[in-house]
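As provided, run-v2.pdb (PDB, C-alpha atoms) reads as follows.
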```pdb
ATOM      1  CA  MET I   1      21.565 -84.667  33.051
ATOM      2  CA  GLU I   2      24.718 -86.418  31.920
ATOM      3  CA  LYS I   3      28.325 -85.537  32.407
ATOM      4  CA  LYS I   4      30.591 -86.555  29.545
ATOM      5  CA  GLU I   5      33.687 -86.711  31.706
ATOM      6  CA  ASP I   6      34.436 -86.668  35.399
ATOM      7  CA  HIS I   7      37.003 -84.368  36.946
ATOM      8  CA  ALA I   8      39.105 -86.088  39.607
ATOM      9  CA  CYS I   9      40.118 -82.755  41.149
ATOM     10  CA  GLY I  10      36.680 -81.433  42.146
ATOM     11  CA  SER I  11      38.197 -78.983  44.614
ATOM     12  CA  CYS I  12      41.273 -77.875  42.682
ATOM     13  CA  ALA I  13      41.895 -74.871  40.427
ATOM     14  CA  HIS I  14      38.460 -75.014  38.780
ATOM     15  CA  PHE I  15      36.882 -73.909  42.083
ATOM     16  CA  ASN I  16      39.446 -71.158  42.688
ATOM     17  CA  SER I  17      37.989 -67.667  42.427
ATOM     18  CA  GLU I  18      41.285 -66.551  40.885
ATOM     19  CA  GLY I  19      40.140 -68.264  37.689
ATOM     20  CA  LEU I  20      37.480 -65.568  37.303
ATOM     21  CA  LYS I  21      38.340 -62.255  35.706
ATOM     22  CA  LYS I  22      35.557 -59.676  35.996
ATOM     23  CA  LEU I  23      35.320 -57.611  32.836
ATOM     24  CA  GLY I  24      32.493 -55.216  33.724
ATOM     25  CA  VAL I  25      30.941 -53.699  30.609
ATOM     26  CA  ASP I  26      33.579 -55.047  28.215
ATOM     27  CA  THR I  27      31.248 -57.385  26.292
ATOM     28  CA  GLY I  28      33.020 -57.392  22.917
ATOM     29  CA  GLY I  29      34.428 -60.520  21.302
ATOM     30  CA  PHE I  30      32.769 -63.054  23.583
ATOM     31  CA  ASP I  31      32.822 -66.858  23.143
ATOM     32  CA  HIS I  32      29.538 -67.603  24.926
ATOM     33  CA  ILE I  33      26.427 -65.680  25.879
ATOM     34  CA  ILE I  34      24.808 -66.377  29.240
ATOM     35  CA  ALA I  35      21.343 -65.310  30.394
ATOM     36  CA  ILE I  36      20.479 -64.815  34.062
ATOM     37  CA  ALA I  37      16.782 -65.314  34.801
ATOM     38  CA  GLY I  38      14.694 -65.524  37.942
ATOM     39  CA  ASN I  39      11.847 -64.199  40.052
ATOM     40  CA  PRO I  40      12.211 -60.742  41.604
ATOM     41  CA  ASN I  41      14.020 -60.654  44.971
ATOM     42  CA  THR I  42      16.019 -63.850  44.450
ATOM     43  CA  GLY I  43      19.382 -62.067  44.405
ATOM     44  CA  LYS I  44      19.647 -62.407  40.630
ATOM     45  CA  SER I  45      21.367 -59.058  40.186
ATOM     46  CA  THR I  46      23.764 -59.905  43.019
ATOM     47  CA  VAL I  47      24.812 -63.024  41.097
ATOM     48  CA  PHE I  48      25.271 -60.856  37.998
ATOM     49  CA  ASN I  49      27.391 -58.386  39.969
ATOM     50  CA  ALA I  50      29.478 -61.173  41.539
ATOM     51  CA  LEU I  51      30.413 -62.428  38.078
ATOM     52  CA  THR I  52      30.943 -59.145  36.241
ATOM     53  CA  GLY I  53      31.996 -56.691  38.950
ATOM     54  CA  LEU I  54      29.204 -54.289  37.959
ATOM     55  CA  ARG I  55      27.119 -52.514  40.546
ATOM     56  CA  GLN I  56      24.290 -50.982  38.550
ATOM     57  CA  HIS I  57      21.982 -51.474  35.572
ATOM     58  CA  THR I  58      22.476 -49.339  32.471
ATOM     59  CA  GLY I  59      20.270 -48.822  29.426
ATOM     60  CA  ASN I  60      16.942 -50.266  28.307
ATOM     61  CA  TRP I  61      15.870 -53.077  25.994
ATOM     62  CA  PRO I  62      15.194 -51.843  22.434
ATOM     63  CA  GLY I  63      11.746 -50.276  22.231
ATOM     64  CA  LYS I  64      11.027 -51.031  25.899
ATOM     65  CA  THR I  65      11.086 -49.190  29.191
ATOM     66  CA  VAL I  66      12.559 -52.302  30.821
ATOM     67  CA  ALA I  67      16.100 -51.928  32.207
ATOM     68  CA  ARG I  68      18.826 -53.956  30.482
ATOM     69  CA  ALA I  69      22.142 -54.902  32.059
ATOM     70  CA  GLU I  70      25.034 -56.558  30.250
ATOM     71  CA  GLY I  71      28.446 -57.459  31.560
ATOM     72  CA  ALA I  72      31.236 -59.943  31.016
ATOM     73  CA  TYR I  73      33.804 -62.167  32.659
ATOM     74  CA  SER I  74      36.521 -64.495  31.425
ATOM     75  CA  TYR I  75      37.231 -67.990  32.690
ATOM     76  CA  ALA I  76      39.269 -70.931  31.373
ATOM     77  CA  ASP I  77      40.466 -68.868  28.380
ATOM     78  CA  LYS I  78      36.879 -68.116  27.358
ATOM     79  CA  LYS I  79      35.005 -64.835  27.471
ATOM     80  CA  TYR I  80      31.399 -64.863  28.632
ATOM     81  CA  LYS I  81      28.849 -62.150  27.971
ATOM     82  CA  LEU I  82      26.116 -61.992  30.641
ATOM     83  CA  VAL I  83      22.634 -60.588  30.100
ATOM     84  CA  ASP I  84      20.619 -59.924  33.252
ATOM     85  CA  LEU I  85      16.988 -60.522  32.277
ATOM     86  CA  PRO I  86      14.116 -58.696  34.007
ATOM     87  CA  GLY I  87      12.888 -60.378  37.156
ATOM     88  CA  THR I  88       9.632 -62.158  36.333
ATOM     89  CA  TYR I  89       7.291 -64.810  37.722
ATOM     90  CA  SER I  90       6.288 -66.276  34.376
ATOM     91  CA  LEU I  91       7.145 -66.460  30.669
ATOM     92  CA  LEU I  92       3.561 -66.229  29.437
ATOM     93  CA  SER I  93       4.180 -62.767  27.971
ATOM     94  CA  THR I  94       1.475 -60.864  29.860
ATOM     95  CA  SER I  95       3.824 -57.970  30.648
ATOM     96  CA  GLN I  96       6.833 -56.246  29.097
ATOM     97  CA  ASP I  97       9.176 -57.887  31.606
ATOM     98  CA  GLU I  98       7.860 -61.350  30.796
ATOM     99  CA  GLU I  99       8.026 -60.736  27.052
ATOM    100  CA  VAL I 100      11.619 -59.459  27.227
ATOM    101  CA  ALA I 101      12.784 -62.418  29.320
ATOM    102  CA  ARG I 102      11.005 -65.010  27.218
ATOM    103  CA  ASN I 103      12.012 -63.562  23.873
ATOM    104  CA  PHE I 104      15.673 -63.417  24.829
ATOM    105  CA  ILE I 105      15.774 -67.050  25.968
ATOM    106  CA  LEU I 106      13.874 -68.114  22.842
ATOM    107  CA  PHE I 107      15.201 -65.813  20.112
ATOM    108  CA  GLY I 108      18.582 -64.890  21.646
ATOM    109  CA  LYS I 109      19.355 -68.593  22.208
ATOM    110  CA  PRO I 110      21.872 -68.121  25.042
ATOM    111  CA  ASP I 111      24.494 -70.846  25.417
ATOM    112  CA  VAL I 112      23.530 -71.262  29.075
ATOM    113  CA  THR I 113      20.709 -69.848  31.196
ATOM    114  CA  ILE I 114      21.390 -69.385  34.904
ATOM    115  CA  ILE I 115      18.055 -69.741  36.720
ATOM    116  CA  VAL I 116      18.371 -67.984  40.068
ATOM    117  CA  VAL I 117      15.969 -69.134  42.793
ATOM    118  CA  ASP I 118      15.555 -68.218  46.452
ATOM    119  CA  ALA I 119      16.488 -71.229  48.606
ATOM    120  CA  CYS I 120      13.940 -70.054  51.204
ATOM    121  CA  ARG I 121      11.088 -69.959  48.648
ATOM    122  CA  LEU I 122      12.059 -72.767  46.333
ATOM    123  CA  GLU I 123       8.594 -74.125  45.608
ATOM    124  CA  ARG I 124       7.317 -70.704  44.532
ATOM    125  CA  ASN I 125      10.341 -70.120  42.278
ATOM    126  CA  LEU I 126      10.250 -73.492  40.515
ATOM    127  CA  ASN I 127       7.263 -72.459  38.372
ATOM    128  CA  LEU I 128       9.459 -70.121  36.335
ATOM    129  CA  ALA I 129      12.307 -72.639  36.303
ATOM    130  CA  LEU I 130      10.086 -75.319  34.762
ATOM    131  CA  GLN I 131       8.824 -72.855  32.120
ATOM    132  CA  ILE I 132      12.410 -71.998  31.178
ATOM    133  CA  LEU I 133      13.281 -75.692  30.904
ATOM    134  CA  GLU I 134      10.485 -76.080  28.364
ATOM    135  CA  ILE I 135      12.367 -73.618  26.133
ATOM    136  CA  THR I 136      16.021 -74.507  26.619
ATOM    137  CA  ASP I 137      17.980 -77.618  27.560
ATOM    138  CA  LYS I 138      21.106 -75.701  28.608
ATOM    139  CA  ALA I 139      20.545 -74.363  32.097
ATOM    140  CA  VAL I 140      21.819 -74.446  35.656
ATOM    141  CA  LEU I 141      19.752 -73.801  38.776
ATOM    142  CA  CYS I 142      21.478 -71.301  41.040
ATOM    143  CA  LEU I 143      20.109 -72.012  44.514
ATOM    144  CA  ASN I 144      20.848 -68.580  45.937
ATOM    145  CA  LEU I 145      20.470 -67.190  49.461
ATOM    146  CA  ILE I 146      21.468 -70.590  50.852
ATOM    147  CA  ASP I 147      22.857 -68.855  53.943
ATOM    148  CA  GLU I 148      19.411 -67.494  54.797
ATOM    149  CA  ALA I 149      17.882 -70.933  54.244
ATOM    150  CA  GLU I 150      20.386 -72.439  56.667
ATOM    151  CA  ARG I 151      19.581 -69.775  59.273
ATOM    152  CA  ASN I 152      15.929 -70.775  58.959
ATOM    153  CA  ASN I 153      16.800 -74.486  59.331
ATOM    154  CA  ILE I 154      15.846 -75.219  55.714
ATOM    155  CA  THR I 155      17.776 -78.125  54.210
ATOM    156  CA  ILE I 156      17.703 -78.772  50.453
ATOM    157  CA  ASP I 157      18.980 -81.979  48.877
ATOM    158  CA  THR I 158      20.696 -80.470  45.832
ATOM    159  CA  ARG I 159      21.570 -83.857  44.321
ATOM    160  CA  THR I 160      17.950 -85.030  44.365
ATOM    161  CA  LEU I 161      16.753 -81.664  43.052
ATOM    162  CA  SER I 162      19.303 -81.865  40.233
ATOM    163  CA  ARG I 163      18.149 -85.368  39.346
ATOM    164  CA  GLU I 164      14.481 -84.347  39.336
ATOM    165  CA  LEU I 165      15.064 -81.259  37.168
ATOM    166  CA  GLY I 166      17.653 -82.852  34.880
ATOM    167  CA  ILE I 167      20.072 -79.924  35.206
ATOM    168  CA  PRO I 168      22.941 -79.050  37.567
ATOM    169  CA  VAL I 169      22.061 -77.331  40.848
ATOM    170  CA  VAL I 170      24.606 -75.080  42.568
ATOM    171  CA  ALA I 171      23.989 -73.664  46.058
ATOM    172  CA  THR I 172      25.224 -70.071  46.412
ATOM    173  CA  SER I 173      25.248 -67.034  48.617
ATOM    174  CA  ALA I 174      26.238 -64.491  45.984
ATOM    175  CA  ARG I 175      26.646 -61.584  48.381
ATOM    176  CA  TYR I 176      29.427 -63.520  50.146
ATOM    177  CA  GLN I 177      30.832 -65.127  46.944
ATOM    178  CA  ARG I 178      29.906 -68.546  48.318
ATOM    179  CA  GLY I 179      29.340 -71.080  45.527
ATOM    180  CA  ILE I 180      30.301 -68.617  42.775
ATOM    181  CA  PRO I 181      33.439 -70.585  41.723
ATOM    182  CA  GLU I 182      31.319 -73.750  41.414
ATOM    183  CA  LEU I 183      28.715 -71.845  39.415
ATOM    184  CA  ILE I 184      31.386 -70.518  37.051
ATOM    185  CA  GLN I 185      32.771 -73.987  36.437
ATOM    186  CA  THR I 186      29.307 -75.465  35.872
ATOM    187  CA  VAL I 187      28.414 -72.771  33.321
ATOM    188  CA  ASP I 188      31.714 -73.428  31.543
ATOM    189  CA  GLU I 189      31.068 -77.187  31.384
ATOM    190  CA  ILE I 190      27.528 -76.760  30.056
ATOM    191  CA  ALA I 191      28.657 -74.224  27.442
ATOM    192  CA  SER I 192      31.503 -76.497  26.306
ATOM    193  CA  GLY I 193      29.330 -79.606  26.188
ATOM    194  CA  LYS I 194      31.064 -81.437  29.047
ATOM    195  CA  ILE I 195      27.734 -81.494  30.883
ATOM    196  CA  LEU I 196      24.670 -82.584  28.909
ATOM    197  CA  CYS I 197      21.378 -81.511  30.455
ATOM    198  CA  LYS I 198      18.163 -83.493  30.145
ATOM    199  CA  PRO I 199      15.580 -81.095  31.591
ATOM    200  CA  ARG I 200      12.299 -82.180  33.092
ATOM    201  CA  LYS I 201       9.397 -81.652  30.688
ATOM    202  CA  ILE I 202       5.696 -81.281  31.415
ATOM    203  CA  LYS I 203       4.194 -84.785  31.575
ATOM    204  CA  ASN I 204       0.593 -84.424  32.771
ATOM    205  CA  VAL I 205      -0.722 -83.259  29.397
ATOM    206  CA  PRO I 206      -4.164 -84.527  28.298
ATOM    207  CA  LYS I 207      -3.927 -87.110  25.530
ATOM    208  CA  LYS I 208      -5.737 -85.049  22.864
ATOM    209  CA  ILE I 209      -3.566 -81.998  23.533
ATOM    210  CA  LEU I 210      -0.406 -84.104  23.469
ATOM    211  CA  GLU I 211      -1.438 -85.608  20.122
ATOM    212  CA  ALA I 212      -2.056 -82.133  18.701
ATOM    213  CA  VAL I 213       1.281 -80.868  20.055
ATOM    214  CA  THR I 214       3.154 -83.843  18.606
ATOM    215  CA  LYS I 215       1.521 -83.386  15.193
ATOM    216  CA  LEU I 216       2.087 -79.626  15.108
ATOM    217  CA  SER I 217       5.644 -79.999  16.405
ATOM    218  CA  GLY I 218       6.436 -82.359  13.530
ATOM    219  CA  GLU I 219       5.007 -79.898  11.001
ATOM    220  CA  ILE I 220       7.061 -77.053  12.504
ATOM    221  CA  GLU I 221      10.259 -79.119  12.302
ATOM    222  CA  ALA I 222       9.501 -80.091   8.692
ATOM    223  CA  GLU I 223       9.097 -76.422   7.753
ATOM    224  CA  PHE I 224      11.983 -75.185   9.932
ATOM    225  CA  PRO I 225      14.519 -78.058  10.305
ATOM    226  CA  ASP I 226      16.909 -76.058  12.507
ATOM    227  CA  ILE I 227      14.304 -74.871  14.991
ATOM    228  CA  PRO I 228      15.317 -75.867  18.543
ATOM    229  CA  ASN I 229      12.064 -75.487  20.482
ATOM    230  CA  SER I 230       9.343 -77.029  18.320
ATOM    231  CA  ARG I 231       7.436 -78.671  21.214
ATOM    232  CA  TRP I 232       7.246 -75.474  23.246
ATOM    233  CA  ILE I 233       6.360 -73.417  20.174
ATOM    234  CA  ALA I 234       3.579 -75.884  19.343
ATOM    235  CA  PHE I 235       2.098 -75.383  22.823
ATOM    236  CA  ARG I 236       2.209 -71.605  22.408
ATOM    237  CA  LEU I 237       0.625 -71.739  18.940
ATOM    238  CA  LEU I 238      -2.227 -73.891  20.241
ATOM    239  CA  GLU I 239      -2.796 -71.309  22.975
ATOM    240  CA  GLY I 240      -2.997 -68.552  20.348
ATOM    241  CA  ASP I 241       0.154 -66.681  21.387
ATOM    242  CA  ASN I 242       0.190 -63.818  18.870
ATOM    243  CA  ARG I 243       3.834 -62.916  19.521
ATOM    244  CA  ILE I 244       4.981 -66.443  18.646
ATOM    245  CA  ILE I 245       2.695 -66.524  15.606
ATOM    246  CA  GLU I 246       4.219 -63.259  14.367
ATOM    247  CA  ALA I 247       7.758 -64.465  15.078
ATOM    248  CA  LEU I 248       7.171 -67.684  13.173
ATOM    249  CA  LYS I 249       5.793 -65.812  10.153
ATOM    250  CA  ALA I 250       8.736 -63.378  10.234
ATOM    251  CA  GLY I 251      11.295 -66.176  10.459
ATOM    252  CA  GLU I 252      12.636 -64.958  13.829
ATOM    253  CA  LEU I 253      12.711 -68.459  15.271
ATOM    254  CA  VAL I 254      15.383 -69.862  12.950
TER     255      VAL I 254
END
```

Could you quickly redo this structure as structure tokens?
Amino acid sequence: MEKKEDHACGSCAHFNSEGLKKLGVDTGGFDHIIAIAGNPNTGKSTVFNALTGLRQHTGNWPGKTVARAEGAYSYADKKYKLVDLPGTYSLLSTSQDEEVARNFILFGKPDVTIIVVDACRLERNLNLALQILEITDKAVLCLNLIDEAERNNITIDTRTLSRELGIPVVATSARYQRGIPELIQTVDEIASGKILCKPRKIKNVPKKILEAVTKLSGEIEAEFPDIPNSRWIAFRLLEGDNRIIEALKAGELV
């Protein structure tokens, strides 16, 4: 993760909650689209509510029985549309929830994905985080429920975690608005390009599989020059993911 420019006033107006304007369901005319992803019971919806002012989910995803929630907020003269993805443990598309979450991150191409994890169960939650980082390089880890972690004498080195993942890490307690101003600023800086993320990628791949992925990834890029996730798509094609095969044939990935 690289930061293009440093801000000398780390605790000034950028971290002031007054810079946030909750817009509820007013999602028209937005500048950036933000996805919120995470395991169930991580406080993901509480983060969504803290940003948008909404208190309930409305509507379903097209053709699905999965609940869909959208909201918006404005910050630094920009309007952000938030999409609260279904809580899921994986992106392997074995359930409707997983398929909805994965397809939105892949096909919807959000400007930033907020990955909400439970600070008390970090190791369990990182599986999904690492899968998301295989798809997108614009993400922030929202280390939520930090107050509960502290009550249980759990200490997390956010700087080391950020360095290992290659993305910003922001500790929050969304129910008490703690860390929300910092999260807002971080999302803004990723969306605007002030922060450049370099996410951790899977490294322990057998040589033959890696060679096949590299070859197939090159062929995908040659056929679809603007495709942003050729390495991840190559992995899914080699695993016989029918949904990705169909999407590639239909041109949904570009």

message: Need to verify the contact set: range 156-173 of chain I, 8 Å, all atoms listed in the file, exclusion of same-chain residues closer than 4 positions in sequence. Can you return it as an MDAnalysis selection string?
response: chainID I and resid 1 119 138:147 177:180 182:183 186 197:200

message: Applying 9 Å and only C-alpha atoms, which residues near range 26-40 of chain I remain after dropping the ones on its own chain fewer than 6 positions away? List them as a PyMOL selection string.
response: chain I and resi 47-48+70-74+78-90+101+104-105+108-118+125+128-129+132+187+191

Would you export the selected residues with C-alpha atoms as an mmCIF file, keeping the file's coordinate frame, please?
```cif
data_model
loop_
_atom_site.group_PDB
_atom_site.id
_atom_site.type_symbol
_atom_site.label_atom_id
_atom_site.label_comp_id
_atom_site.auth_asym_id
_atom_site.auth_seq_id
_atom_site.Cartn_x
_atom_site.Cartn_y
_atom_site.Cartn_z
ATOM 1 C CA VAL I 47 24.812 -63.024 41.097
ATOM 2 C CA PHE I 48 25.271 -60.856 37.998
ATOM 3 C CA GLU I 70 25.034 -56.558 30.250
ATOM 4 C CA GLY I 71 28.446 -57.459 31.560
ATOM 5 C CA ALA I 72 31.236 -59.943 31.016
ATOM 6 C CA TYR I 73 33.804 -62.167 32.659
ATOM 7 C CA SER I 74 36.521 -64.495 31.425
ATOM 8 C CA LYS I 78 36.879 -68.116 27.358
ATOM 9 C CA LYS I 79 35.005 -64.835 27.471
ATOM 10 C CA TYR I 80 31.399 -64.863 28.632
ATOM 11 C CA LYS I 81 28.849 -62.150 27.971
ATOM 12 C CA LEU I 82 26.116 -61.992 30.641
ATOM 13 C CA VAL I 83 22.634 -60.588 30.100
ATOM 14 C CA ASP I 84 20.619 -59.924 33.252
ATOM 15 C CA LEU I 85 16.988 -60.522 32.277
ATOM 16 C CA PRO I 86 14.116 -58.696 34.007
ATOM 17 C CA GLY I 87 12.888 -60.378 37.156
ATOM 18 C CA THR I 88 9.632 -62.158 36.333
ATOM 19 C CA TYR I 89 7.291 -64.810 37.722
ATOM 20 C CA SER I 90 6.288 -66.276 34.376
ATOM 21 C CA ALA I 101 12.784 -62.418 29.320
ATOM 22 C CA PHE I 104 15.673 -63.417 24.829
ATOM 23 C CA ILE I 105 15.774 -67.050 25.968
ATOM 24 C CA GLY I 108 18.582 -64.890 21.646
ATOM 25 C CA LYS I 109 19.355 -68.593 22.208
ATOM 26 C CA PRO I 110 21.872 -68.121 25.042
ATOM 27 C CA ASP I 111 24.494 -70.846 25.417
ATOM 28 C CA VAL I 112 23.530 -71.262 29.075
ATOM 29 C CA THR I 113 20.709 -69.848 31.196
ATOM 30 C CA ILE I 114 21.390 -69.385 34.904
ATOM 31 C CA ILE I 115 18.055 -69.741 36.720
ATOM 32 C CA VAL I 116 18.371 -67.984 40.068
ATOM 33 C CA VAL I 117 15.969 -69.134 42.793
ATOM 34 C CA ASP I 118 15.555 -68.218 46.452
ATOM 35 C CA ASN I 125 10.341 -70.120 42.278
ATOM 36 C CA LEU I 128 9.459 -70.121 36.335
ATOM 37 C CA ALA I 129 12.307 -72.639 36.303
ATOM 38 C CA ILE I 132 12.410 -71.998 31.178
ATOM 39 C CA VAL I 187 28.414 -72.771 33.321
ATOM 40 C CA ALA I 191 28.657 -74.224 27.442
#
```

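Relative to CA of Ala222 in chain I, CA of Leu210 in chain I is found at 18.2 Å.
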
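Close contacts of Arg231 in chain I, defined as residues with an atom at most 12 Å away when counting all atoms listed in the file, with chain neighbours fewer than 2 positions off set aside, comprise I:Leu133, I:Glu134, I:Ile135, I:Thr136, I:Lys201, I:Ile202, I:Ile209, I:Leu210, I:Glu211, I:Ala212, I:Val213, I:Thr214, I:Lys215, I:Leu216, I:Ser217, I:Gly218, I:Glu219, I:Ile220, I:Glu221, I:Ile227, I:Pro228, I:Asn229, I:Ile233, I:Ala234, I:Phe235, I:Arg236, I:Leu237, I:Leu238.
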
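Rounded to one decimal, CA of Gly43 in chain I and CA of Leu106 in chain I lie 23.1 Å from each other.
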
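Note that CA of Gln185 in chain I and CA of Glu123 in chain I are 25.9 Å apart.
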
field: Ala76 in chain I environment, 10 Å, only C-alpha atoms, sequence neighbours closer than 3 positions dropped, as a ChimeraX atom specification
entry: /I:14,19-21,79,184-185,188

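The shortest atom-to-atom distance to Ala50 in chain I, with all atoms listed in the file taken into account, belongs to I:Ala174 out of I:Ala174, I:Arg121, I:Ala250, I:Glu99.
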
Can you tell me, as JSON, the centre and edge lengths (Å, one decimal) of the axis-aligned box enclosing all of range 241-250 of chain I's listed atoms after padding each side by 4 Å?
```
{"center_x": 4.4, "center_y": -65.3, "center_z": 15.8, "size_x": 16.6, "size_y": 12.8, "size_z": 19.2}
```

statement: For Arg102 in chain I, the closest of I:Thr155, I:Arg243, I:Ile195, I:Leu248 counting only C-alpha atoms is I:Arg243
